>>> print(open('target_21.pdb').read())   # PDB, C-alpha atoms
ATOM      1  CA  MET A1139     -63.670  70.695-164.031
ATOM      2  CA  ASP A1140     -65.274  71.760-160.733
ATOM      3  CA  GLU A1141     -65.093  68.219-159.488
ATOM      4  CA  LEU A1142     -61.412  68.048-160.470
ATOM      5  CA  LEU A1143     -60.675  71.318-158.656
ATOM      6  CA  ARG A1144     -62.599  70.171-155.600
ATOM      7  CA  GLN A1145     -60.705  66.897-155.542
ATOM      8  CA  GLY A1146     -57.420  68.747-156.104
ATOM      9  CA  ARG A1147     -58.072  70.927-153.058
ATOM     10  CA  ALA A1148     -58.983  67.860-151.018
ATOM     11  CA  TRP A1149     -55.653  66.266-151.950
ATOM     12  CA  VAL A1150     -53.507  69.229-150.852
ATOM     13  CA  PRO A1151     -53.209  68.012-147.219
ATOM     14  CA  VAL A1152     -52.277  64.566-148.523
ATOM     15  CA  LEU A1153     -49.473  66.092-150.604
ATOM     16  CA  LYS A1154     -48.217  68.011-147.577
ATOM     17  CA  SER A1155     -48.122  64.878-145.453
ATOM     18  CA  ALA A1156     -46.331  63.000-148.277
ATOM     19  CA  ALA A1157     -43.070  64.586-147.037
ATOM     20  CA  LEU A1158     -43.138  62.217-144.067
ATOM     21  CA  PHE A1159     -43.390  59.209-146.392
ATOM     22  CA  LEU A1160     -40.866  60.335-149.016
ATOM     23  CA  LEU A1161     -38.054  61.908-146.957
ATOM     24  CA  PRO A1162     -37.260  58.773-144.893
ATOM     25  CA  PHE A1163     -37.122  56.578-148.015
ATOM     26  CA  PRO A1164     -33.349  55.810-147.606
ATOM     27  CA  LEU A1165     -34.341  54.058-144.367
ATOM     28  CA  VAL A1166     -36.103  51.355-146.390
ATOM     29  CA  ILE A1167     -32.788  50.599-148.160
ATOM     30  CA  ALA A1168     -30.952  50.775-144.821
ATOM     31  CA  PHE A1169     -33.493  48.275-143.449
ATOM     32  CA  PHE A1170     -32.588  45.671-146.105
ATOM     33  CA  VAL A1171     -28.855  46.360-145.709
ATOM     34  CA  ALA A1172     -29.125  45.830-141.934
ATOM     35  CA  LEU A1173     -31.309  42.750-142.478
ATOM     36  CA  ILE A1174     -28.792  41.167-144.859
ATOM     37  CA  GLY A1175     -25.909  42.149-142.557
ATOM     38  CA  GLY A1176     -27.719  40.603-139.577
ATOM     39  CA  GLU A1177     -27.287  43.740-137.448
ATOM     40  CA  ILE A1178     -30.146  43.266-135.004
ATOM     41  CA  GLY A1179     -29.653  46.494-133.022
ATOM     42  CA  ARG A1180     -29.571  48.714-136.100
ATOM     43  CA  LEU A1181     -32.433  46.745-137.664
ATOM     44  CA  ALA A1182     -34.587  47.463-134.610
ATOM     45  CA  ALA A1183     -33.711  51.190-134.652
ATOM     46  CA  ILE A1184     -34.367  51.483-138.404
ATOM     47  CA  SER A1185     -37.676  49.588-138.148
ATOM     48  CA  GLY A1186     -38.742  51.841-135.261
ATOM     49  CA  ALA A1187     -37.812  54.942-137.257
ATOM     50  CA  ILE A1188     -39.761  53.744-140.329
ATOM     51  CA  PHE A1189     -42.858  52.991-138.224
ATOM     52  CA  ALA A1190     -42.570  56.337-136.450
ATOM     53  CA  PHE A1191     -42.275  58.348-139.696
ATOM     54  CA  PHE A1192     -45.046  56.470-141.504
ATOM     55  CA  GLY A1193     -47.290  56.651-138.429
ATOM     56  CA  ALA A1194     -46.627  60.395-138.218
ATOM     57  CA  GLY A1195     -47.474  60.695-141.940
ATOM     58  CA  VAL A1196     -50.837  58.927-141.546
ATOM     59  CA  LEU A1197     -51.774  60.926-138.432
ATOM     60  CA  THR A1198     -50.683  64.199-140.045
ATOM     61  CA  TRP A1199     -52.804  63.482-143.096
ATOM     62  CA  ARG A1200     -55.847  62.729-140.919
ATOM     63  CA  GLY A1201     -55.146  65.789-138.781
ATOM     64  CA  LEU A1202     -54.843  68.118-141.791
ATOM     65  CA  VAL A1203     -58.046  66.811-143.373
ATOM     66  CA  ALA A1204     -59.945  67.195-140.065
ATOM     67  CA  GLU A1205     -58.491  70.677-139.576
ATOM     68  CA  ALA A1206     -59.543  71.771-143.079
ATOM     69  CA  ARG A1207     -63.077  70.496-142.452
ATOM     70  CA  PHE A1208     -63.171  72.306-139.090
ATOM     71  CA  PHE A1209     -62.036  75.620-140.600
ATOM     72  CA  LEU A1210     -64.521  75.238-143.457
ATOM     73  CA  GLY A1211     -67.268  74.824-140.872
ATOM     74  CA  GLN A1212     -67.985  71.239-141.924
ATOM     75  CA  ARG A1213     -67.299  69.802-138.474
ATOM     76  CA  LEU A1214     -68.174  71.262-135.081
ATOM     77  CA  ASP A1215     -64.929  70.532-133.229
ATOM     78  CA  PRO A1216     -61.304  69.834-134.105
ATOM     79  CA  PRO A1217     -60.168  66.227-133.431
ATOM     80  CA  ALA A1218     -60.333  65.290-129.731
ATOM     81  CA  VAL A1219     -56.798  63.818-129.915
ATOM     82  CA  PRO A1220     -54.174  66.460-130.837
ATOM     83  CA  LEU A1221     -53.058  64.576-133.957
ATOM     84  CA  LYS A1222     -50.341  67.053-134.947
ATOM     85  CA  THR A1223     -48.713  66.972-131.514
ATOM     86  CA  VAL A1224     -48.693  63.153-131.534
ATOM     87  CA  SER A1225     -47.258  63.212-135.077
ATOM     88  CA  ALA A1226     -44.543  65.707-134.061
ATOM     89  CA  ILE A1227     -43.518  63.371-131.207
ATOM     90  CA  LEU A1228     -43.434  60.431-133.642
ATOM     91  CA  THR A1229     -41.395  62.479-136.145
ATOM     92  CA  ALA A1230     -38.901  63.424-133.419
ATOM     93  CA  LEU A1231     -38.700  59.775-132.343
ATOM     94  CA  GLY A1232     -38.161  58.676-135.949
ATOM     95  CA  ALA A1233     -35.392  61.237-136.535
ATOM     96  CA  GLY A1234     -33.700  60.276-133.256
ATOM     97  CA  LEU A1235     -33.823  56.544-134.054
ATOM     98  CA  ALA A1236     -32.606  57.097-137.633
ATOM     99  CA  ALA A1237     -29.696  59.210-136.337
ATOM    100  CA  ALA A1238     -28.866  56.520-133.753
ATOM    101  CA  ALA A1239     -28.926  53.899-136.527
ATOM    102  CA  GLY A1240     -26.514  56.152-138.443
ATOM    103  CA  GLY A1241     -23.987  55.977-135.620
ATOM    104  CA  HIS A1242     -24.839  59.119-133.658
ATOM    105  CA  GLY A1243     -24.584  59.202-129.872
ATOM    106  CA  PRO A1244     -27.506  60.037-127.565
ATOM    107  CA  VAL A1245     -26.790  63.784-127.545
ATOM    108  CA  SER A1246     -26.583  64.302-131.303
ATOM    109  CA  ALA A1247     -29.517  61.893-131.891
ATOM    110  CA  GLY A1248     -31.476  64.044-129.417
ATOM    111  CA  ALA A1249     -30.488  67.156-131.363
ATOM    112  CA  PHE A1250     -31.851  65.545-134.563
ATOM    113  CA  ALA A1251     -35.096  64.751-132.725
ATOM    114  CA  VAL A1252     -35.501  68.315-131.443
ATOM    115  CA  LEU A1253     -34.761  69.862-134.849
ATOM    116  CA  ALA A1254     -37.243  67.512-136.534
ATOM    117  CA  ALA A1255     -39.960  68.424-134.005
ATOM    118  CA  VAL A1256     -39.290  72.158-134.482
ATOM    119  CA  GLY A1257     -39.372  71.681-138.261
ATOM    120  CA  TYR A1258     -42.645  69.744-137.955
ATOM    121  CA  PHE A1259     -44.432  72.485-135.999
ATOM    122  CA  CYS A1260     -43.088  75.204-138.323
ATOM    123  CA  PHE A1261     -44.221  73.328-141.435
ATOM    124  CA  TYR A1262     -47.556  71.853-140.333
ATOM    125  CA  GLY A1263     -48.488  74.313-137.574
ATOM    126  CA  ARG A1264     -50.066  73.500-134.217
ATOM    127  CA  ASP A1265     -53.354  71.735-133.506
ATOM    128  CA  PRO A1266     -56.397  74.006-133.783
ATOM    129  CA  LYS A1267     -57.892  74.895-130.420
ATOM    130  CA  ARG A1268     -61.360  73.694-129.450
ATOM    131  CA  LYS A1269     -63.757  76.598-128.960
ATOM    132  CA  ARG A1270     -64.955  76.632-125.368
ATOM    133  CA  ILE A1271     -68.607  77.504-124.961
ATOM    134  CA  ASP A1272     -69.640  77.817-121.314
ATOM    135  CA  LEU A1273     -73.293  78.685-121.089
ATOM    136  CA  PRO A1274     -74.798  79.831-117.797
ATOM    137  CA  GLU A1275     -77.566  77.700-116.275
ATOM    138  CA  VAL A1276     -80.924  79.231-117.243
ATOM    139  CA  ALA A1277     -84.306  77.711-116.401
ATOM    140  CA  GLY A1278     -86.209  76.473-119.443
ATOM    141  CA  VAL A1279     -83.181  76.502-121.761
ATOM    142  CA  ASP A1280     -81.641  73.297-123.097
ATOM    143  CA  ARG A1281     -77.931  74.131-122.711
ATOM    144  CA  ASP A1282     -76.734  71.208-124.843
ATOM    145  CA  ALA A1283     -78.999  72.149-127.739
ATOM    146  CA  VAL A1284     -77.924  75.810-127.583
ATOM    147  CA  THR A1285     -74.248  74.733-127.407
ATOM    148  CA  VAL A1286     -74.668  72.683-130.605
ATOM    149  CA  GLN A1287     -76.486  75.598-132.294
ATOM    150  CA  LEU A1288     -73.651  77.947-131.319
ATOM    151  CA  LYS A1289     -70.954  75.548-132.542
ATOM    152  CA  GLN A1290     -72.774  75.213-135.871
ATOM    153  CA  ALA A1291     -73.089  78.983-136.073
ATOM    154  CA  TYR A1292     -69.381  79.512-135.351
ATOM    155  CA  GLY A1293     -68.647  76.866-138.002
ATOM    156  CA  ARG A1294     -70.732  78.802-140.540
ATOM    157  CA  LEU A1295     -68.884  82.007-139.717
ATOM    158  CA  GLN A1296     -65.592  80.134-140.242
ATOM    159  CA  GLY A1297     -66.967  78.908-143.584
ATOM    160  CA  ILE A1298     -67.704  82.524-144.596
ATOM    161  CA  GLU A1299     -64.236  83.577-143.405
ATOM    162  CA  ALA A1300     -62.572  80.806-145.448
ATOM    163  CA  ALA A1301     -64.587  81.705-148.561
ATOM    164  CA  ALA A1302     -63.789  85.429-148.102
ATOM    165  CA  ARG A1303     -60.062  84.630-148.287
ATOM    166  CA  SER A1304     -60.467  83.495-151.892
ATOM    167  CA  ILE A1305     -62.459  86.567-153.002
ATOM    168  CA  ALA A1306     -60.267  89.052-154.874
ATOM    169  CA  VAL A1307     -62.481  92.145-154.505
ATOM    170  CA  PRO A1308     -61.224  94.108-151.433
ATOM    171  CA  GLU A1309     -64.586  95.852-150.932
ATOM    172  CA  PHE A1310     -66.400  92.519-150.599
ATOM    173  CA  VAL A1311     -63.749  91.164-148.236
ATOM    174  CA  GLU A1312     -64.171  94.267-146.031
ATOM    175  CA  ARG A1313     -67.959  93.907-146.002
ATOM    176  CA  LEU A1314     -67.711  90.200-145.185
ATOM    177  CA  LYS A1315     -65.305  90.995-142.328
ATOM    178  CA  ARG A1316     -67.850  93.424-140.873
ATOM    179  CA  ILE A1317     -70.638  90.847-141.273
ATOM    180  CA  ILE A1318     -68.512  88.201-139.521
ATOM    181  CA  ASP A1319     -67.757  90.648-136.686
ATOM    182  CA  ILE A1320     -71.457  91.391-136.163
ATOM    183  CA  GLY A1321     -72.183  87.653-136.332
ATOM    184  CA  LYS A1322     -69.594  87.004-133.617
ATOM    185  CA  GLN A1323     -71.119  89.749-131.458
ATOM    186  CA  ILE A1324     -74.564  88.129-131.805
ATOM    187  CA  LEU A1325     -73.157  84.718-130.849
ATOM    188  CA  ALA A1326     -71.365  86.286-127.859
ATOM    189  CA  GLU A1327     -74.719  87.772-126.772
ATOM    190  CA  ILE A1328     -76.316  84.314-126.991
ATOM    191  CA  GLU A1329     -73.409  82.814-125.009
ATOM    192  CA  ARG A1330     -73.967  85.415-122.320
ATOM    193  CA  ASP A1331     -77.735  84.853-122.221
ATOM    194  CA  PRO A1332     -78.777  81.522-123.808
ATOM    195  CA  ARG A1333     -82.448  82.659-123.845
ATOM    196  CA  ASP A1334     -81.432  84.816-126.819
ATOM    197  CA  ALA A1335     -81.033  81.630-128.887
ATOM    198  CA  ALA A1336     -84.828  81.409-129.205
ATOM    199  CA  ARG A1337     -85.045  85.084-130.192
ATOM    200  CA  ALA A1338     -82.269  84.680-132.762
ATOM    201  CA  ARG A1339     -83.667  81.449-134.214
ATOM    202  CA  ARG A1340     -84.002  82.841-137.718
ATOM    203  CA  PHE A1341     -80.464  84.250-137.556
ATOM    204  CA  LEU A1342     -78.985  80.949-136.369
ATOM    205  CA  HIS A1343     -80.854  78.700-138.762
ATOM    206  CA  LEU A1344     -81.714  80.740-141.810
ATOM    207  CA  TYR A1345     -79.599  83.884-142.229
ATOM    208  CA  LEU A1346     -76.236  82.368-141.314
ATOM    209  CA  ASP A1347     -76.812  79.266-143.405
ATOM    210  CA  SER A1348     -77.862  81.318-146.457
ATOM    211  CA  ALA A1349     -75.002  83.794-145.945
ATOM    212  CA  GLU A1350     -72.475  80.946-145.915
ATOM    213  CA  LYS A1351     -73.975  79.218-148.955
ATOM    214  CA  VAL A1352     -74.095  82.411-151.050
ATOM    215  CA  THR A1353     -70.568  83.508-150.074
ATOM    216  CA  VAL A1354     -69.055  80.085-150.818
ATOM    217  CA  GLU A1355     -70.942  79.930-154.103
ATOM    218  CA  TYR A1356     -69.816  83.456-155.097
ATOM    219  CA  ALA A1357     -66.189  82.687-154.151
ATOM    220  CA  ARG A1358     -66.335  79.588-156.326
ATOM    221  CA  THR A1359     -68.091  81.225-159.278
ATOM    222  CA  HIS A1360     -66.217  84.537-159.495
ATOM    223  CA  ARG A1361     -62.930  82.695-160.117
ATOM    224  CA  GLN A1362     -64.315  81.478-163.408
ATOM    225  CA  ILE A1363     -66.531  84.371-164.424
ATOM    226  CA  ARG A1364     -66.595  88.025-163.327
ATOM    227  CA  THR A1365     -69.501  90.072-164.600
ATOM    228  CA  ARG A1366     -70.695  93.495-163.482
ATOM    229  CA  PRO A1367     -74.305  92.414-162.802
ATOM    230  CA  LEU A1368     -73.098  89.498-160.656
ATOM    231  CA  GLU A1369     -70.815  91.795-158.641
ATOM    232  CA  GLN A1370     -73.590  94.366-158.238
ATOM    233  CA  ASN A1371     -76.028  91.695-157.047
ATOM    234  CA  PHE A1372     -73.518  90.333-154.571
ATOM    235  CA  ARG A1373     -72.725  93.862-153.327
ATOM    236  CA  GLN A1374     -76.440  94.531-152.719
ATOM    237  CA  LEU A1375     -76.784  91.173-150.973
ATOM    238  CA  LEU A1376     -73.854  91.979-148.666
ATOM    239  CA  ILE A1377     -75.371  95.383-147.819
ATOM    240  CA  ASP A1378     -78.710  93.712-146.983
ATOM    241  CA  MET A1379     -76.944  90.998-145.017
ATOM    242  CA  GLU A1380     -75.013  93.532-142.955
ATOM    243  CA  GLN A1381     -78.208  95.453-142.189
ATOM    244  CA  THR A1382     -80.074  92.278-141.217
ATOM    245  CA  PHE A1383     -77.251  91.119-138.940
ATOM    246  CA  GLU A1384     -77.034  94.571-137.347
ATOM    247  CA  ALA A1385     -80.813  94.644-136.829
ATOM    248  CA  GLN A1386     -80.641  91.229-135.168
ATOM    249  CA  HIS A1387     -77.852  92.424-132.888
ATOM    250  CA  GLN A1388     -79.818  95.561-131.957
ATOM    251  CA  LYS A1389     -82.896  93.430-131.235
ATOM    252  CA  LEU A1390     -80.929  91.324-128.769
ATOM    253  CA  LEU A1391     -79.414  94.412-127.126
ATOM    254  CA  GLU A1392     -82.821  96.094-126.846
ATOM    255  CA  ASN A1393     -84.221  92.941-125.338
ATOM    256  CA  ASP A1394     -81.415  93.054-122.753
ATOM    257  CA  VAL A1395     -82.418  96.637-121.894
ATOM    258  CA  LEU A1396     -86.076  95.590-121.660
ATOM    259  CA  THR A1397     -85.219  92.647-119.399
ATOM    260  CA  LEU A1398     -83.091  94.926-117.230
ATOM    261  CA  ASP A1399     -85.970  97.446-117.016
ATOM    262  CA  VAL A1400     -88.356  94.706-115.906
ATOM    263  CA  GLU A1401     -85.853  93.447-113.323
ATOM    264  CA  ILE A1402     -85.396  96.970-111.942
ATOM    265  CA  GLU A1403     -89.203  97.411-111.778
ATOM    266  CA  VAL A1404     -89.618  94.117-109.939
ATOM    267  CA  LEU A1405     -86.837  94.931-107.485
ATOM    268  CA  ASN A1406     -88.240  98.408-106.943
ATOM    269  CA  ALA A1407     -91.735  97.026-106.276
ATOM    270  CA  ARG A1408     -90.329  94.490-103.819
ATOM    271  CA  LEU A1409     -88.335  97.134-101.947
ATOM    272  CA  LYS A1410     -91.442  99.340-101.713
ATOM    273  CA  ARG A1411     -93.530  96.420-100.508
ATOM    274  CA  GLU A1412     -91.026  95.598 -97.808
ATOM    275  CA  GLY A1413     -90.964  99.233 -96.712
ATOM    276  CA  ILE A1414     -87.299  99.890 -97.386
ATOM    277  CA  ASN A1415     -87.906 102.455-100.145
TER     278      ASN A1415
ATOM    279  CA  MET B 449     -43.192  85.808-138.197
ATOM    280  CA  ALA B 450     -45.079  85.597-141.465
ATOM    281  CA  ARG B 451     -46.631  82.253-142.223
ATOM    282  CA  PHE B 452     -44.972  81.445-145.541
ATOM    283  CA  PRO B 453     -41.299  81.880-144.471
ATOM    284  CA  LEU B 454     -42.097  79.890-141.326
ATOM    285  CA  ARG B 455     -43.547  77.026-143.379
ATOM    286  CA  LEU B 456     -40.531  77.147-145.699
ATOM    287  CA  LEU B 457     -38.128  77.059-142.747
ATOM    288  CA  GLY B 458     -40.078  74.120-141.323
ATOM    289  CA  LEU B 459     -39.917  72.192-144.589
ATOM    290  CA  LEU B 460     -36.188  72.903-144.805
ATOM    291  CA  LEU B 461     -35.549  71.717-141.243
ATOM    292  CA  LEU B 462     -37.650  68.571-141.741
ATOM    293  CA  THR B 463     -35.948  67.788-145.068
ATOM    294  CA  VAL B 464     -32.434  68.274-143.720
ATOM    295  CA  THR B 465     -32.887  66.352-140.452
ATOM    296  CA  ILE B 466     -34.827  63.408-141.879
ATOM    297  CA  THR B 467     -32.750  63.094-145.070
ATOM    298  CA  VAL B 468     -29.390  63.402-143.313
ATOM    299  CA  ALA B 469     -30.363  60.945-140.557
ATOM    300  CA  SER B 470     -31.836  58.467-143.070
ATOM    301  CA  CYS B 471     -28.884  58.676-145.451
ATOM    302  CA  GLN B 472     -26.402  58.246-142.604
ATOM    303  CA  ALA B 473     -28.351  55.175-141.489
ATOM    304  CA  MET B 474     -28.244  53.872-145.064
ATOM    305  CA  PHE B 475     -24.519  54.436-145.536
ATOM    306  CA  TYR B 476     -23.508  53.455-141.994
ATOM    307  CA  GLY B 477     -20.592  51.036-142.077
ATOM    308  CA  ALA B 478     -20.273  51.267-145.835
ATOM    309  CA  ALA B 479     -16.652  51.599-146.936
ATOM    310  CA  LEU B 480     -16.850  54.809-148.922
ATOM    311  CA  PRO B 481     -13.778  55.484-151.105
ATOM    312  CA  SER B 482     -11.581  58.366-149.945
ATOM    313  CA  LEU B 483     -11.021  61.436-152.133
ATOM    314  CA  PRO B 484      -7.400  60.462-153.072
ATOM    315  CA  ALA B 485      -8.630  57.020-154.087
ATOM    316  CA  ILE B 486     -11.314  58.547-156.321
ATOM    317  CA  LEU B 487      -8.763  60.918-157.886
ATOM    318  CA  LYS B 488      -6.354  58.024-158.510
ATOM    319  CA  PHE B 489      -9.198  55.996-160.053
ATOM    320  CA  THR B 490     -10.133  58.820-162.439
ATOM    321  CA  GLU B 491      -6.473  59.369-163.392
ATOM    322  CA  ASP B 492      -6.087  55.669-164.235
TER     323      ASP B 492
END
>>> encode(input="target_21.pdb", output="structure tokens")
Amino acid sequence: MDELLRQGRAWVPVLKSAALFLLPFPLVIAFFVALIGGEIGRLAAISGAIFAFFGAGVLTWRGLVAEARFFLGQRLDPPAVPLKTVSAILTALGAGLAAAAGGHGPVSAGAFAVLAAVGYFCFYGRDPKRKRIDLPEVAGVDRDAVTVQLKQAYGRLQGIEAAARSIAVPEFVERLKRIIDIGKQILAEIERDPRDAARARRFLHLYLDSAEKVTVEYARTHRQIRTRPLEQNFRQLLIDMEQTFEAQHQKLLENDVLTLDVEIEVLNARLKREGIN
Amino acid sequence: MARFPLRLLGLLLLTVTITVASCQAMFYGAALPSLPAILKFTED
């Protein structure tokens, strides 16, 4: 049953992209009519429209699957090529060519193209934006490695966010929101000072990973069975998780204060040594 | 704008534009009977 549900969810994007294969079906009939009639110009326009719609369907399907994996935290970045934008252009082209094959002039064919593109973006949405992580240059810190760690961490937070959406208990959703907020603050601290990545190693590798796994597992399980002990256990876990995340955040902030103190001491000593103070 | 009505509007726009354009391409040049002709046919 779980496997069926999982597969069902995986097929949802495919169903959504099916519109681009099913709606232009009359074009296939028009293609044969034009072929039999020997109308080369219309045949070319209809063939172009069919290719454009089917191409848009394939790209939309791939884009939706990649987007779902990105929002579930299963991939670090959205697709490099903006698949939805390319598909919207293809859909507009297809609608324009189909309208031209139906006898419309350039202006009304253009209007069809614009309406189809608007409809595409309203229905499928825009491409997800790539999260920019610009780390400052710090001696002794591997920026690429920290960037990957941060992307994975953001992905795990997205996974928790996605799982929280399917939890029906408002209290748990609120707690998870707070946990995600603290998590984002910790990651922002690491972005500001990449040396914090070493200090937050357990948070990045252990706590976040476990938090995501437990939340996803709870979201999956509580749909089928809701028991008081399970809810109480999860509540206690969320309280502990929030405290741990907050403690980690405080640790990083205190370390910032400590570093600042040391820097002030050093500067003070230098000024004294140089006789300015 | 809320997400669901926006998605619905999008689906509607896509359906109307693609279906109308495709059907017009399919029926282009076809000699469709006029309404009086259909009425006469049904009367006969």
>>> resolve_selection(input="target_21.pdb", expression="the ChimeraX specification (/A :<10) & /B", output="list in words")
Arg451, Phe452, Pro453, Leu454, Arg455, Leu456, Leu457, Gly458, Leu459, Leu460, Leu461, Leu462, Thr463, Val464, Thr465, Ile466, Thr467, Val468, Ala469, Ser470, Cys471, Gln472, Ala473, Met474, Phe475, Tyr476, Gly477 and Ala478 of chain B
>>> resolve_selection(input="target_21.pdb", expression="the PyMOL selection byres ((chain A and resi 1204) around 12)", output="ChimeraX atom specification")
/A:1148,1151-1152,1197-1203,1205-1222,1265-1266
>>> write_last_selection(input="target_21.pdb", atoms="C-alpha atoms", output="PDB file, keeping the file's coordinate frame")
ATOM      1  CA  ALA A1148     -58.983  67.860-151.018  1.00  0.00           C
ATOM      2  CA  PRO A1151     -53.209  68.012-147.219  1.00  0.00           C
ATOM      3  CA  VAL A1152     -52.277  64.566-148.523  1.00  0.00           C
ATOM      4  CA  LEU A1197     -51.774  60.926-138.432  1.00  0.00           C
ATOM      5  CA  THR A1198     -50.683  64.199-140.045  1.00  0.00           C
ATOM      6  CA  TRP A1199     -52.804  63.482-143.096  1.00  0.00           C
ATOM      7  CA  ARG A1200     -55.847  62.729-140.919  1.00  0.00           C
ATOM      8  CA  GLY A1201     -55.146  65.789-138.781  1.00  0.00           C
ATOM      9  CA  LEU A1202     -54.843  68.118-141.791  1.00  0.00           C
ATOM     10  CA  VAL A1203     -58.046  66.811-143.373  1.00  0.00           C
ATOM     11  CA  GLU A1205     -58.491  70.677-139.576  1.00  0.00           C
ATOM     12  CA  ALA A1206     -59.543  71.771-143.079  1.00  0.00           C
ATOM     13  CA  ARG A1207     -63.077  70.496-142.452  1.00  0.00           C
ATOM     14  CA  PHE A1208     -63.171  72.306-139.090  1.00  0.00           C
ATOM     15  CA  PHE A1209     -62.036  75.620-140.600  1.00  0.00           C
ATOM     16  CA  LEU A1210     -64.521  75.238-143.457  1.00  0.00           C
ATOM     17  CA  GLY A1211     -67.268  74.824-140.872  1.00  0.00           C
ATOM     18  CA  GLN A1212     -67.985  71.239-141.924  1.00  0.00           C
ATOM     19  CA  ARG A1213     -67.299  69.802-138.474  1.00  0.00           C
ATOM     20  CA  LEU A1214     -68.174  71.262-135.081  1.00  0.00           C
ATOM     21  CA  ASP A1215     -64.929  70.532-133.229  1.00  0.00           C
ATOM     22  CA  PRO A1216     -61.304  69.834-134.105  1.00  0.00           C
ATOM     23  CA  PRO A1217     -60.168  66.227-133.431  1.00  0.00           C
ATOM     24  CA  ALA A1218     -60.333  65.290-129.731  1.00  0.00           C
ATOM     25  CA  VAL A1219     -56.798  63.818-129.915  1.00  0.00           C
ATOM     26  CA  PRO A1220     -54.174  66.460-130.837  1.00  0.00           C
ATOM     27  CA  LEU A1221     -53.058  64.576-133.957  1.00  0.00           C
ATOM     28  CA  LYS A1222     -50.341  67.053-134.947  1.00  0.00           C
ATOM     29  CA  ASP A1265     -53.354  71.735-133.506  1.00  0.00           C
ATOM     30  CA  PRO A1266     -56.397  74.006-133.783  1.00  0.00           C
TER      31      PRO A1266
END
>>> atom_distance(input="target_21.pdb", atom1="atom CA of Val1354 of chain A", atom2="atom CA of Ala1301 of chain A")
5.3 Å
>>> residues_near_point(input="target_21.pdb", point="(-68.3, 85.7, -146.2)", cutoff="6 Å", atoms="all atoms listed in the file", output="PyMOL selection string")
chain A and resi 1298-1299+1301-1302+1314+1353
>>> atom_distance(input="target_21.pdb", atom1="atom CA of Thr1397 of chain A", atom2="atom CA of Ala1338 of chain A")
15.8 Å
>>> resolve_selection(input="target_21.pdb", expression="the PyMOL selection byres ((chain A and resi 1383) around 8)", output="list in words")
Ile1317, Ile1320, Gly1321, Phe1341, Met1379, Glu1380, Gln1381, Thr1382, Glu1384, Ala1385, Gln1386 and His1387 of chain A
>>> atom_distance(input="target_21.pdb", atom1="atom CA of Ile1305 of chain A", atom2="atom CA of Ala1357 of chain A")
5.5 Å
>>> residues_around(input="target_21.pdb", residues="Leu1273 of chain A", least_positions_apart="5", cutoff="7 Å", atoms="only C-alpha atoms", output="compact mmCIF listing (two decimals) with C-alpha atoms, in the frame of the given file")
# COMPACT_ATOMS: atom_id res chain seq x y z
CA ARG A 1281 -77.93 74.13 -122.71
CA GLU A 1329 -73.41 82.81 -125.01
CA ARG A 1330 -73.97 85.42 -122.32
CA PRO A 1332 -78.78 81.52 -123.81
